[in-house]
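my_file25.cif follows (mmCIF, C-alpha atoms and all ligand atoms):
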```cif
data_coords
loop_
_atom_site.label_atom_id
_atom_site.label_comp_id
_atom_site.auth_asym_id
_atom_site.auth_seq_id
_atom_site.Cartn_x
_atom_site.Cartn_y
_atom_site.Cartn_z
CA MET A 169 0.00 0.00 0.00
CA THR A 170 1.40 3.40 -0.88
CA ALA A 171 1.58 5.92 1.93
CA PRO A 172 -1.13 8.58 1.82
CA ASP A 173 -0.09 12.07 0.79
CA THR A 174 -0.10 13.74 4.20
CA ARG A 175 1.19 17.13 3.02
CA ILE A 176 -0.92 20.14 3.94
CA HIS A 177 -3.08 21.40 1.09
CA HIS A 178 -4.81 24.24 2.94
CA LEU A 179 -5.99 25.49 6.35
CA VAL A 180 -9.32 26.78 7.53
CA ALA A 181 -9.75 28.84 10.71
CA ARG A 182 -13.00 29.81 12.36
CA ARG A 183 -14.18 31.38 15.58
CA VAL A 184 -16.18 28.98 17.75
CA TRP A 185 -17.35 29.31 21.38
CA ASP A 186 -16.04 27.62 24.50
CA SER A 187 -17.80 26.26 27.58
CA ARG A 188 -17.84 29.72 29.19
CA GLY A 189 -19.45 31.21 26.07
CA ARG A 190 -16.21 32.92 25.06
CA PRO A 191 -14.63 33.04 21.61
CA THR A 192 -11.93 30.52 20.80
CA VAL A 193 -9.98 29.25 17.78
CA GLU A 194 -10.86 26.21 15.70
CA ALA A 195 -8.55 25.11 12.88
CA GLU A 196 -9.00 22.60 10.10
CA VAL A 197 -6.08 21.07 8.27
CA HIS A 198 -6.82 19.69 4.80
CA LEU A 199 -4.30 17.28 3.27
CA HIS A 200 -3.47 16.43 -0.34
CA SER A 201 -4.88 12.94 0.31
CA GLY A 202 -8.25 14.55 1.02
CA ALA A 203 -8.07 13.67 4.74
CA THR A 204 -8.87 16.46 7.19
CA GLY A 205 -8.32 17.13 10.87
CA ARG A 206 -9.95 19.64 13.18
CA ALA A 207 -9.21 20.96 16.66
CA ILE A 208 -10.44 23.60 19.10
CA VAL A 209 -8.14 25.23 21.66
CA PRO A 210 -9.17 25.57 25.33
CA ALA A 211 -8.57 28.52 27.69
CA GLY A 212 -7.52 28.71 31.33
CA ALA A 213 -8.75 31.04 34.07
CA SER A 214 -6.06 30.42 36.69
CA ARG A 215 -2.94 30.79 34.63
CA GLY A 216 0.78 30.60 35.27
CA THR A 217 2.64 33.77 34.31
CA ARG A 218 5.13 31.71 32.26
CA GLU A 219 2.46 30.12 30.05
CA ALA A 220 2.53 30.73 26.31
CA LEU A 221 0.42 33.72 25.37
CA GLU A 222 -3.17 33.32 24.26
CA LEU A 223 -3.75 36.12 21.76
CA ARG A 224 -6.96 38.11 22.46
CA ASP A 225 -8.07 41.18 20.56
CA GLY A 226 -8.94 43.51 23.43
CA GLY A 227 -11.54 46.19 22.81
CA ALA A 228 -15.20 46.22 23.77
CA ALA A 229 -16.62 43.11 22.09
CA PHE A 230 -16.90 39.95 24.20
CA GLY A 231 -14.99 41.52 27.05
CA GLY A 232 -11.93 41.96 24.87
CA LEU A 233 -11.67 38.20 24.35
CA ASP A 234 -12.28 37.94 20.62
CA VAL A 235 -9.69 36.00 18.61
CA GLN A 236 -9.82 37.64 15.17
CA GLN A 237 -6.06 38.35 15.18
CA ALA A 238 -5.23 34.72 15.97
CA LEU A 239 -7.62 33.58 13.22
CA ALA A 240 -6.01 35.99 10.78
CA HIS A 241 -2.58 34.57 11.66
CA VAL A 242 -3.78 31.04 10.88
CA ARG A 243 -5.27 32.13 7.57
CA GLY A 244 -2.30 34.31 6.63
CA GLU A 245 1.23 33.78 7.89
CA ILE A 246 0.77 30.29 9.30
CA ALA A 247 -1.03 28.97 6.23
CA ALA A 248 1.71 30.39 4.00
CA ALA A 249 4.43 28.79 6.11
CA VAL A 250 2.98 25.31 6.57
CA THR A 251 1.23 24.64 3.25
CA GLY A 252 3.07 21.75 1.63
CA LEU A 253 4.64 20.53 4.91
CA ASP A 254 4.15 16.88 5.78
CA THR A 255 1.88 16.34 8.80
CA ALA A 256 3.42 12.89 9.27
CA ASP A 257 6.41 14.78 10.69
CA GLN A 258 4.77 16.56 13.61
CA ALA A 259 8.11 17.63 15.08
CA ALA A 260 9.14 19.44 11.89
CA LEU A 261 5.73 21.08 11.53
CA ASP A 262 5.77 22.29 15.13
CA ALA A 263 9.35 23.51 14.80
CA ARG A 264 8.21 25.58 11.83
CA LEU A 265 5.42 27.12 13.94
CA VAL A 266 7.84 27.91 16.76
CA ALA A 267 10.37 29.49 14.38
CA LEU A 268 7.70 31.45 12.55
CA ASP A 269 6.44 32.98 15.79
CA GLY A 270 9.99 33.74 16.83
CA THR A 271 9.24 34.70 20.45
CA PRO A 272 9.81 32.57 23.57
CA ASN A 273 6.10 32.49 24.45
CA LYS A 274 4.17 32.66 21.13
CA GLN A 275 3.27 36.26 21.85
CA ARG A 276 3.41 37.28 18.22
CA LEU A 277 1.13 34.71 16.57
CA GLY A 278 -0.64 33.53 19.72
CA ALA A 279 -0.45 30.04 21.24
CA ASN A 280 -4.15 29.68 20.43
CA ALA A 281 -3.32 30.07 16.71
CA THR A 282 -0.31 27.72 16.73
CA LEU A 283 -1.87 25.03 18.93
CA ALA A 284 -5.07 24.83 16.86
CA VAL A 285 -2.98 24.10 13.77
CA SER A 286 -0.60 21.73 15.59
CA MET A 287 -3.47 19.63 16.95
CA ALA A 288 -5.54 19.70 13.77
CA ALA A 289 -2.48 18.52 11.80
CA ALA A 290 -2.11 15.50 14.09
CA HIS A 291 -5.79 14.66 13.58
CA ALA A 292 -5.40 14.96 9.81
CA ALA A 293 -2.31 12.73 9.69
CA ALA A 294 -4.08 10.09 11.79
CA ALA A 295 -7.16 10.25 9.56
CA ALA A 296 -5.04 9.90 6.42
CA HIS A 297 -3.58 6.69 7.88
CA GLY A 298 -7.02 5.45 8.90
CA LEU A 299 -6.00 5.41 12.55
CA PRO A 300 -7.61 6.88 15.67
CA LEU A 301 -5.42 9.74 16.93
CA TYR A 302 -4.21 7.87 20.04
CA ALA A 303 -3.02 4.99 17.86
CA TRP A 304 -1.22 7.38 15.48
CA LEU A 305 0.48 9.16 18.39
CA GLY A 306 1.32 5.82 19.98
CA ARG A 307 2.92 4.58 16.78
CA GLN A 308 5.14 7.67 16.66
CA GLN A 309 6.19 6.93 20.26
CA GLY A 310 6.92 3.32 19.39
CA ILE A 311 4.02 2.12 21.57
CA ASP A 312 1.98 -0.72 20.10
CA MET A 313 -1.58 0.12 21.14
CA GLN A 314 -2.69 -3.45 20.43
CA ALA A 315 -0.27 -4.76 23.04
CA ASN A 316 0.74 -2.00 25.42
CA ALA A 317 -1.93 0.66 25.79
CA LEU A 318 -2.23 2.39 29.16
CA LEU A 319 -5.62 3.81 30.18
CA PRO A 320 -5.21 6.81 32.48
CA LEU A 321 -6.25 7.07 36.11
CA PRO A 322 -8.71 9.97 36.01
CA GLN A 323 -8.61 12.93 38.40
CA ILE A 324 -12.18 14.21 38.65
CA GLN A 325 -13.43 17.37 40.31
CA ILE A 326 -16.30 17.13 42.83
CA PHE A 327 -16.30 20.75 44.09
CA GLY A 328 -14.99 23.67 42.08
CA GLY A 329 -13.68 26.71 43.90
CA GLY A 330 -11.14 29.49 43.48
CA ALA A 331 -11.12 31.27 40.14
CA HIS A 332 -13.77 28.82 38.86
CA ALA A 333 -16.42 29.67 41.44
CA GLY A 334 -16.18 33.36 42.32
CA ARG A 335 -13.49 32.47 44.91
CA ARG A 336 -16.15 30.83 47.06
CA THR A 337 -13.36 28.67 48.45
CA ASP A 338 -9.66 29.56 48.32
CA ILE A 339 -8.72 26.04 47.21
CA GLN A 340 -9.59 25.58 43.54
CA ASP A 341 -10.19 21.87 42.82
CA PHE A 342 -11.50 19.28 45.27
CA MET A 343 -11.13 16.09 43.25
CA VAL A 344 -11.20 12.31 43.59
CA GLN A 345 -9.10 9.55 42.11
CA CYS A 346 -10.15 5.88 42.18
CA PRO A 347 -6.88 3.91 42.48
CA GLY A 348 -8.87 0.89 43.70
CA ALA A 349 -10.93 0.61 40.52
CA ALA A 350 -10.16 -2.25 38.16
CA SER A 351 -10.77 -0.30 34.96
CA PHE A 352 -11.29 3.20 33.62
CA ALA A 353 -15.01 2.41 33.26
CA GLU A 354 -15.21 1.38 36.91
CA ALA A 355 -13.38 4.52 38.01
CA LEU A 356 -16.09 6.57 36.29
CA GLU A 357 -18.86 4.48 37.91
CA TRP A 358 -17.38 5.12 41.34
CA THR A 359 -16.91 8.81 40.63
CA ALA A 360 -20.53 9.11 39.51
CA GLU A 361 -21.62 7.78 42.91
CA VAL A 362 -19.29 10.09 44.83
CA TYR A 363 -20.40 13.10 42.77
CA ARG A 364 -24.07 12.30 43.40
CA HIS A 365 -23.56 11.76 47.12
CA ALA A 366 -21.51 14.96 47.38
CA GLY A 367 -24.49 16.86 45.95
CA LEU A 368 -26.77 15.26 48.54
CA VAL A 369 -24.41 15.98 51.43
CA MET A 370 -24.19 19.62 50.37
CA GLN A 371 -27.93 19.93 49.94
CA GLU A 372 -28.47 18.65 53.47
CA ARG A 373 -26.00 21.22 54.78
CA GLY A 374 -27.44 24.07 52.76
CA ALA A 375 -24.07 24.36 51.03
CA LEU A 376 -25.09 23.68 47.43
CA ALA A 377 -25.11 26.75 45.20
CA GLY A 378 -25.09 25.34 41.64
CA VAL A 379 -22.14 24.17 39.56
CA ALA A 380 -18.81 25.87 38.95
CA ASP A 381 -16.91 26.43 35.67
CA GLU A 382 -15.80 22.81 35.28
CA GLY A 383 -19.08 21.22 36.38
CA GLY A 384 -18.11 20.55 40.01
CA TRP A 385 -20.59 21.54 42.70
CA TRP A 386 -20.34 25.24 43.61
CA PRO A 387 -19.61 25.04 47.32
CA ALA A 388 -21.03 27.43 49.90
CA PHE A 389 -18.89 26.28 52.82
CA GLY A 390 -17.70 28.33 55.77
CA GLY A 391 -14.08 27.18 55.43
CA ASN A 392 -11.78 25.27 53.10
CA GLU A 393 -11.47 22.28 55.40
CA GLU A 394 -15.26 21.96 55.57
CA ALA A 395 -15.21 21.14 51.86
CA LEU A 396 -12.62 18.42 52.50
CA GLU A 397 -14.70 16.99 55.28
CA ALA A 398 -17.83 16.98 53.09
CA LEU A 399 -15.90 15.23 50.32
CA LEU A 400 -14.71 12.53 52.72
CA ARG A 401 -18.31 12.11 53.91
CA ALA A 402 -19.50 11.75 50.29
CA ILE A 403 -16.88 9.04 49.58
CA GLU A 404 -18.01 7.11 52.66
CA ARG A 405 -21.72 7.53 51.96
CA ALA A 406 -21.17 6.29 48.42
CA GLY A 407 -19.88 3.10 50.04
CA PHE A 408 -16.15 3.31 49.27
CA VAL A 409 -13.12 2.79 51.48
CA PRO A 410 -11.44 6.22 51.60
CA GLY A 411 -7.82 6.13 50.60
CA GLU A 412 -7.92 2.59 49.28
CA GLN A 413 -10.70 2.65 46.74
CA VAL A 414 -11.24 6.36 46.38
CA SER A 415 -8.77 9.04 47.40
CA ILE A 416 -8.75 12.84 47.37
CA ALA A 417 -6.72 15.03 45.01
CA LEU A 418 -6.46 18.80 45.47
CA ASP A 419 -5.45 21.65 43.22
CA ILE A 420 -4.59 24.40 45.69
CA ALA A 421 -3.78 26.79 42.79
CA ALA A 422 -1.85 28.78 45.39
CA SER A 423 -0.63 31.39 42.88
CA GLU A 424 -4.21 32.67 42.87
CA PHE A 425 -4.08 33.77 46.51
CA GLY A 426 -0.41 34.03 47.30
CA ARG A 427 2.65 35.97 46.26
CA GLY A 428 6.01 36.74 47.82
CA GLY A 429 5.52 34.01 50.43
CA ARG A 430 2.24 35.48 51.80
CA TYR A 431 -1.02 33.60 51.32
CA ARG A 432 -4.38 35.20 51.93
CA LEU A 433 -7.20 32.76 52.68
CA GLY A 434 -10.13 35.05 51.91
CA LEU A 435 -12.82 32.60 52.97
CA GLU A 436 -11.31 32.28 56.42
CA GLY A 437 -10.12 35.88 56.74
CA ARG A 438 -6.54 34.92 57.61
CA GLU A 439 -3.09 35.13 56.14
CA LEU A 440 -0.37 32.48 56.23
CA ASP A 441 3.29 32.52 55.30
CA SER A 442 4.76 29.71 53.18
CA ASP A 443 5.50 27.49 56.15
CA GLY A 444 2.07 28.14 57.63
CA LEU A 445 0.49 26.98 54.37
CA ILE A 446 2.77 23.92 54.28
CA GLU A 447 1.78 23.06 57.86
CA MET A 448 -1.92 23.38 57.03
CA LEU A 449 -1.55 21.08 54.02
CA LEU A 450 0.47 18.50 55.96
CA ARG A 451 -2.23 18.53 58.65
CA TRP A 452 -4.89 17.93 55.99
CA CYS A 453 -2.84 15.02 54.66
CA GLU A 454 -2.93 13.42 58.11
CA ARG A 455 -6.68 13.87 58.49
CA TYR A 456 -7.88 13.08 54.97
CA PRO A 457 -7.05 10.39 52.40
CA ILE A 458 -5.16 12.76 50.08
CA THR A 459 -2.92 11.24 47.40
CA SER A 460 -2.20 14.23 45.16
CA ILE A 461 -1.72 17.99 45.66
CA GLU A 462 -1.24 20.40 42.76
CA ASP A 463 0.38 23.82 43.11
CA PRO A 464 0.54 23.66 46.93
CA LEU A 465 2.54 26.90 46.80
CA ALA A 466 2.65 29.83 44.43
CA GLU A 467 4.72 29.77 41.25
CA ASP A 468 7.14 32.33 42.74
CA ASP A 469 7.75 30.25 45.89
CA ALA A 470 10.13 27.56 44.56
CA ALA A 471 12.10 27.15 47.79
CA ALA A 472 8.92 26.46 49.76
CA PHE A 473 7.77 24.12 46.96
CA ALA A 474 10.97 22.15 47.57
CA ARG A 475 10.45 22.19 51.35
CA PHE A 476 6.94 20.80 50.91
CA THR A 477 8.26 18.11 48.55
CA GLN A 478 10.94 17.25 51.08
CA ALA A 479 8.30 16.87 53.78
CA ALA A 480 5.66 14.96 51.83
CA GLY A 481 7.01 13.87 48.44
CA THR A 482 7.58 10.27 49.44
CA ARG A 483 3.91 9.67 50.17
CA LEU A 484 2.21 12.27 48.03
CA GLN A 485 1.99 13.14 44.37
CA ILE A 486 3.03 16.82 44.23
CA VAL A 487 2.04 18.38 40.94
CA GLY A 488 3.38 21.51 39.27
CA ASP A 489 0.87 23.33 37.05
CA ASP A 490 1.31 27.13 37.23
CA PHE A 491 4.71 26.27 38.70
CA LEU A 492 5.96 24.29 35.67
CA VAL A 493 3.60 25.37 32.83
CA SER A 494 4.29 22.18 30.80
CA ASP A 495 7.82 23.42 30.17
CA ALA A 496 10.61 20.86 29.76
CA ALA A 497 13.31 23.25 31.02
CA LEU A 498 11.31 24.17 34.13
CA VAL A 499 10.75 20.47 34.89
CA ARG A 500 14.50 19.84 34.76
CA GLU A 501 15.12 22.87 36.98
CA ALA A 502 12.49 21.75 39.49
CA ALA A 503 13.94 18.24 39.59
CA ALA A 504 17.40 19.65 40.31
CA ALA A 505 15.90 21.70 43.17
CA GLY A 506 13.79 18.79 44.48
CA ALA A 507 10.51 20.67 43.95
CA ALA A 508 7.39 18.64 42.96
CA ASN A 509 7.45 15.10 41.58
CA THR A 510 4.77 15.33 38.89
CA VAL A 511 3.97 17.76 36.07
CA LEU A 512 0.61 18.75 34.63
CA LEU A 513 0.63 18.70 30.81
CA LYS A 514 -1.56 21.35 29.19
CA PRO A 515 -0.80 21.79 25.48
CA ASN A 516 -2.00 25.40 25.44
CA GLN A 517 0.57 26.37 28.06
CA ARG A 518 3.18 25.80 25.33
CA GLY A 519 1.35 26.19 22.00
CA THR A 520 2.38 23.05 20.10
CA LEU A 521 2.01 19.31 20.65
CA SER A 522 5.75 18.70 20.21
CA GLU A 523 6.73 21.11 23.00
CA THR A 524 4.17 19.46 25.28
CA LEU A 525 5.59 16.06 24.36
CA ALA A 526 9.10 17.36 25.09
CA CYS A 527 7.91 18.19 28.60
CA TRP A 528 6.56 14.67 29.07
CA ARG A 529 9.90 13.30 27.88
CA ALA A 530 11.78 15.55 30.31
CA ALA A 531 9.46 14.36 33.09
CA ARG A 532 10.30 10.73 32.36
CA GLU A 533 14.00 11.51 32.24
CA VAL A 534 13.99 13.08 35.70
CA GLY A 535 11.61 10.47 37.15
CA TYR A 536 8.54 12.69 37.39
CA ALA A 537 5.04 11.41 36.72
CA ALA A 538 2.63 13.46 34.55
CA ILE A 539 -1.06 14.22 34.18
CA VAL A 540 -2.59 15.39 30.90
CA SER A 541 -5.04 18.17 31.73
CA ALA A 542 -7.92 20.13 30.27
CA ARG A 543 -8.46 23.85 30.97
CA SER A 544 -11.38 25.44 32.77
CA GLY A 545 -12.62 26.84 29.44
CA GLU A 546 -13.17 23.81 27.21
CA SER A 547 -15.18 22.51 24.25
CA GLU A 548 -16.29 19.27 22.64
CA ASP A 549 -12.69 18.75 21.48
CA THR A 550 -11.31 15.50 22.92
CA THR A 551 -7.69 15.67 21.71
CA ILE A 552 -6.26 15.50 25.24
CA VAL A 553 -7.77 12.03 25.71
CA ASP A 554 -5.75 10.81 22.72
CA LEU A 555 -2.63 12.48 24.10
CA ALA A 556 -3.01 10.78 27.48
CA ILE A 557 -3.47 7.35 25.89
CA GLY A 558 -1.25 7.73 22.83
CA TRP A 559 1.68 9.02 24.87
CA GLY A 560 1.02 6.52 27.68
CA VAL A 561 1.01 9.26 30.32
CA GLY A 562 -1.07 7.40 32.91
CA GLN A 563 -3.27 10.17 34.33
CA LEU A 564 -5.95 12.51 32.97
CA LYS A 565 -7.59 15.57 34.55
CA VAL A 566 -10.61 16.97 32.76
CA GLY A 567 -12.72 18.76 35.37
CA SER A 568 -15.89 17.38 36.86
CA PHE A 569 -18.46 14.72 36.15
CA ALA A 570 -21.05 17.02 34.61
CA ARG A 571 -21.40 19.24 31.53
CA SER A 572 -20.75 17.93 28.07
CA GLU A 573 -17.37 19.58 27.43
CA ARG A 574 -16.13 17.36 30.30
CA MET A 575 -18.27 14.29 29.60
CA ALA A 576 -17.23 14.29 25.91
CA LYS A 577 -13.71 13.49 27.13
CA TRP A 578 -14.60 10.90 29.76
CA ASN A 579 -16.93 9.20 27.29
CA GLU A 580 -14.29 9.18 24.57
CA ALA A 581 -11.84 7.47 26.93
CA LEU A 582 -14.56 4.88 27.69
CA ARG A 583 -14.95 4.15 23.98
CA ILE A 584 -11.20 3.77 23.56
CA GLU A 585 -11.01 1.42 26.55
CA GLU A 586 -13.77 -0.70 25.03
CA ARG A 587 -12.09 -0.74 21.62
CA LEU A 588 -8.70 -1.74 23.07
CA GLY A 589 -10.28 -4.49 25.17
CA THR A 590 -7.89 -6.74 27.06
CA SER A 591 -4.82 -5.28 25.34
CA ALA A 592 -5.21 -2.15 27.48
CA ARG A 593 -4.02 -1.86 31.05
CA PHE A 594 -5.68 0.58 33.49
CA ALA A 595 -3.08 2.73 35.26
CA GLY A 596 -4.98 2.47 38.59
CA ALA A 597 -3.02 2.39 41.83
CA ALA A 598 0.22 1.71 39.95
CA VAL A 599 0.32 5.46 39.24
CA PHE A 600 1.30 6.13 42.83
CA GLY A 601 3.56 3.11 43.08
CA ARG A 602 5.43 4.36 40.04
CA ASN A 603 6.02 7.73 41.59
CA PRO A 604 9.78 7.67 42.07
CA ALA A 605 9.79 9.98 45.07
CA ARG A 606 7.34 7.65 46.74
CA ALA A 607 9.34 4.58 45.81
CA ARG A 608 12.45 6.09 47.40
CA GLY A 609 10.60 6.65 50.66
C1 LIG B 1 -5.97 24.11 36.60
C2 LIG B 1 -7.00 24.25 35.52
C3 LIG B 1 -7.98 23.11 35.51
P1 LIG B 1 -7.39 26.61 34.52
O1 LIG B 1 -5.64 25.05 37.31
O2 LIG B 1 -5.39 23.03 36.74
O3 LIG B 1 -8.59 22.92 36.77
O4 LIG B 1 -7.67 25.48 35.61
O5 LIG B 1 -7.64 26.00 33.19
O6 LIG B 1 -8.34 27.73 34.86
O7 LIG B 1 -5.96 26.99 34.70
MG MG B 2 -3.98 23.83 38.31
#
```

The structure given in the file should be rewritten as C-alpha cells.
Amino acid sequence: MTAPDTRIHHLVARRVWDSRGRPTVEAEVHLHSGATGRAIVPAGASRGTREALELRDGGAAFGGLDVQQALAHVRGEIAAAVTGLDTADQAALDARLVALDGTPNKQRLGANATLAVSMAAAHAAAAAHGLPLYAWLGRQQGIDMQANALLPLPQIQIFGGGAHAGRRTDIQDFMVQCPGAASFAEALEWTAEVYRHAGLVMQERGALAGVADEGGWWPAFGGNEEALEALLRAIERAGFVPGEQVSIALDIAASEFGRGGRYRLGLEGRELDSDGLIEMLLRWCERYPITSIEDPLAEDDAAAFARFTQAAGTRLQIVGDDFLVSDAALVREAAAAGAANTVLLKPNQRGTLSETLACWRAAREVGYAAIVSARSGESEDTTIVDLAIGWGVGQLKVGSFARSERMAKWNEALRIEERLGTSARFAGAAVFGRNPARARG
C-alpha cells in the first residue's frame, strides 16, 4: 500500500465558542490525500505567568476576548508557512510554527493560533492513515496500542472553587481519584456515585449553590477544610473505602491567593506565610485520604515548593501546574531543586504538541510522573484524551463529572477502553507506586 499524501493542502480557521461562552480558535487542516483534521483550543482562568500567550483582541466586544487576530494569523502567515509541509512529521511542523512565531512564548502569533494548527495537523495525519489519533500518536512513540496501551487514572473534580467559582473557596479543585478501581469504566462508575452523594451531602447542609466552571458543585462552605470533610463524607456515603478505593486530590492553585511568600485565605479571613500553608496542608494530609496535591505553593515560591516536597514527596503526588507550565526546562530545573514530583501537561501552556511532548519526555527523564489536563474553558474537542493514551502518560484531569465539554472526554476514553479491550491496562493504583519519590521513601 502506498503511503497517503499527508502534506498540507490548505488550512481553515473559524471562531467557535467555548464552555464559558467565550470566543476561541478552531482550525482545520486539509491534506493532499483529502483527509482532514480539526481541533479547538481551550482557555484557562487560573494561569501561570510563564504560560505561552493566548492572543486576544482587546476592545469592547466579548470583554476583549475575541480571537480575530489569531484567526487571521492562521489564515495568513501560518497557512503560508505550513502549506506543503508533511503532517506525518509533527516535530518538523511544530518547529516551523515555533520558528515562525519567533518569540519565547508565542506572543506574536498567539499560542491559540499555533496550537489549533498543531493539533488539527495530528488529527489529519491520523485520519489519512485510517487510525484513531491515540493509535497514530502511539505509533510515533513506538508504543503498540494493540499490546501496550495504558488507560489513564482519572482525576475528577467534585467541588470547584477558586477562580472557577467566584473564589467561594480559596482552594480551587477538590477532586477524587479511584486507584482501587479495576478499569477506567469502573473509576467513572465510582466517581458518579461520589459526585451524586456529594451533591446530597451539600444539599443537606445548605451548602449547594449550583455548579462551577468545570461542572463541580459550587460550594457554599464556611471554610476550606469543611469542603474536604464533606468530600470525605460523600466518599463514605457512596460506600467506598477512603484512601484505598477512592482518594482525594487537590489543586490548591496557590498562585491565585499568594505571592512573595504570603497567602491570603479570603474565605477564612486569615493570612499564612509559606511554612504556615505547608503546615496546614500536611495537617490535611494526616486527616484526609489525600494522594495528590497540585500547586501547593505559588509559582514564585520555589524554595517552599521544595520544602513541601521534602516533607511529603515520598507519600504524596506533588504536581506543578502554574509552577511548571508544561515546560521541559522548568521540569528539569524543578527536579534539580527537588521541587514537585509530577507535572501537569496542558498543550496550550506551550502552544504546540511537540513542546508538550518534550515536557513529558523531560518528566520521564527526571523520574517525574505526569497528568494530561484540560483547561477550565473547554469545548467538545477530545484531543487530550488521545494524548493521554497515545503518549502513555497514565493520568488525565478533565474537570468534573457534569457538563458535556467534560463528559465528551470521559466518554471518549470509555470508547477507547472498550475498543482496546484486554490489550489495554488501566493505570490504577500503579500510578502512585510508580512515583519515584514515593518509591524512594
Ligand atoms: C488548573 C485548571 C484546571 P485553569 O488550574 O489546573 O482545573 O484550571 O484552566 O483555569 O488553569
Ligand atoms: Mg492547576

Kindly compile the residues surrounding ligand LIG 1 (chain B) within 9 Å, counting only C-alpha atoms and all ligand atoms, and format them as number ranges by chain. A: 210-216, 325, 328, 331-332, 340-341, 381-382, 419-421, 462-463, 489-490, 512, 514, 541-546, 565-567

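Between Asn273 of chain A and the candidates A:Val493, A:Leu399, A:Val487, A:Ala207, the tightest atom-to-atom separation, counting only C-alpha atoms, involves A:Val493.
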
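Every protein, DNA or RNA residue with an atom at most 12 Å from Arg438 of chain A, where all atoms listed in the file count and chain neighbours fewer than 4 positions away do not, is listed here: Asp338, Gly391, Asn392, Phe425, Arg430, Tyr431, Arg432, Leu433, Gly434, Gly444 and Leu445 of chain A.
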
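For the set A:Glu548, A:Glu354, A:Glu467, A:Glu586, the residue with the smallest atom-to-atom gap to ligand MG 2 (chain B) is A:Glu467, counting all atoms listed in the file.
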
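Between Leu305 of chain A and the candidates A:Ala293, A:Ile324, A:Ala595, A:Ala349, the tightest atom-to-atom separation, counting all atoms listed in the file, involves A:Ala293.
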
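Between Phe327 of chain A and the candidates A:Leu253, A:Leu582, A:Ala284, A:Ile416, the tightest atom-to-atom separation, counting only C-alpha atoms, involves A:Ile416.
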
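Nearest to Asp554 of chain A of all the residues A:Gly227, A:Gly384, A:Pro320, A:Gly506 is A:Pro320, counting only C-alpha atoms.
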
For the point (-17.7, 13.7, 28.6) in file coordinates, what residues are within 12 Å, counting all atoms listed in the file? Give the answer as an MDAnalysis selection string? chainID A and resid 324 356 382:383 542 546:550 553 565:583

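Checking A:Ala466, A:Leu555, A:Cys346, A:Ala281 one by one against ligand MG 2 (chain B), counting only C-alpha atoms and all ligand atoms, you find the shortest gap at A:Ala466.
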
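One finds atom CA of Gln237 of chain A at 13.6 Å from atom CA of Asp269 of chain A.
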
Which residues are close to Ala505 of chain A, i.e. within 9 Å by only C-alpha atoms, leaving aside same-chain residues fewer than 2 positions away? Reply as a PyMOL selection string. chain A and resi 470-471+474+500-503+507

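Atom CA of Met448 of chain A to atom CA of Ser494 of chain A spans 27.0 Å [interatomic distance, one decimal].
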
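Here atom CA of Ser442 of chain A stands at a distance of 6.3 Å from atom CA of Ala472 of chain A.
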
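Every polymer residue reaching to within 6 Å of (-9.0, 3.6, 34.4), counting all atoms listed in the file, appears in this list: A:Leu319, A:Pro320, A:Leu321, A:Ser351, A:Phe352, A:Ala355, A:Phe594, A:Gly596.
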
Name the residues in contact with segment 523-526 of chain A at a cut-off of 12 Å, using all atoms listed in the file, excluding same-chain residues fewer than 6 positions from it; report them as number ranges by chain. A: 219-220, 258-263, 265-266, 272-274, 279, 282-283, 286-287, 305-306, 308-309, 492-500, 511-517, 532-533, 538-541, 552, 555-556, 558-561
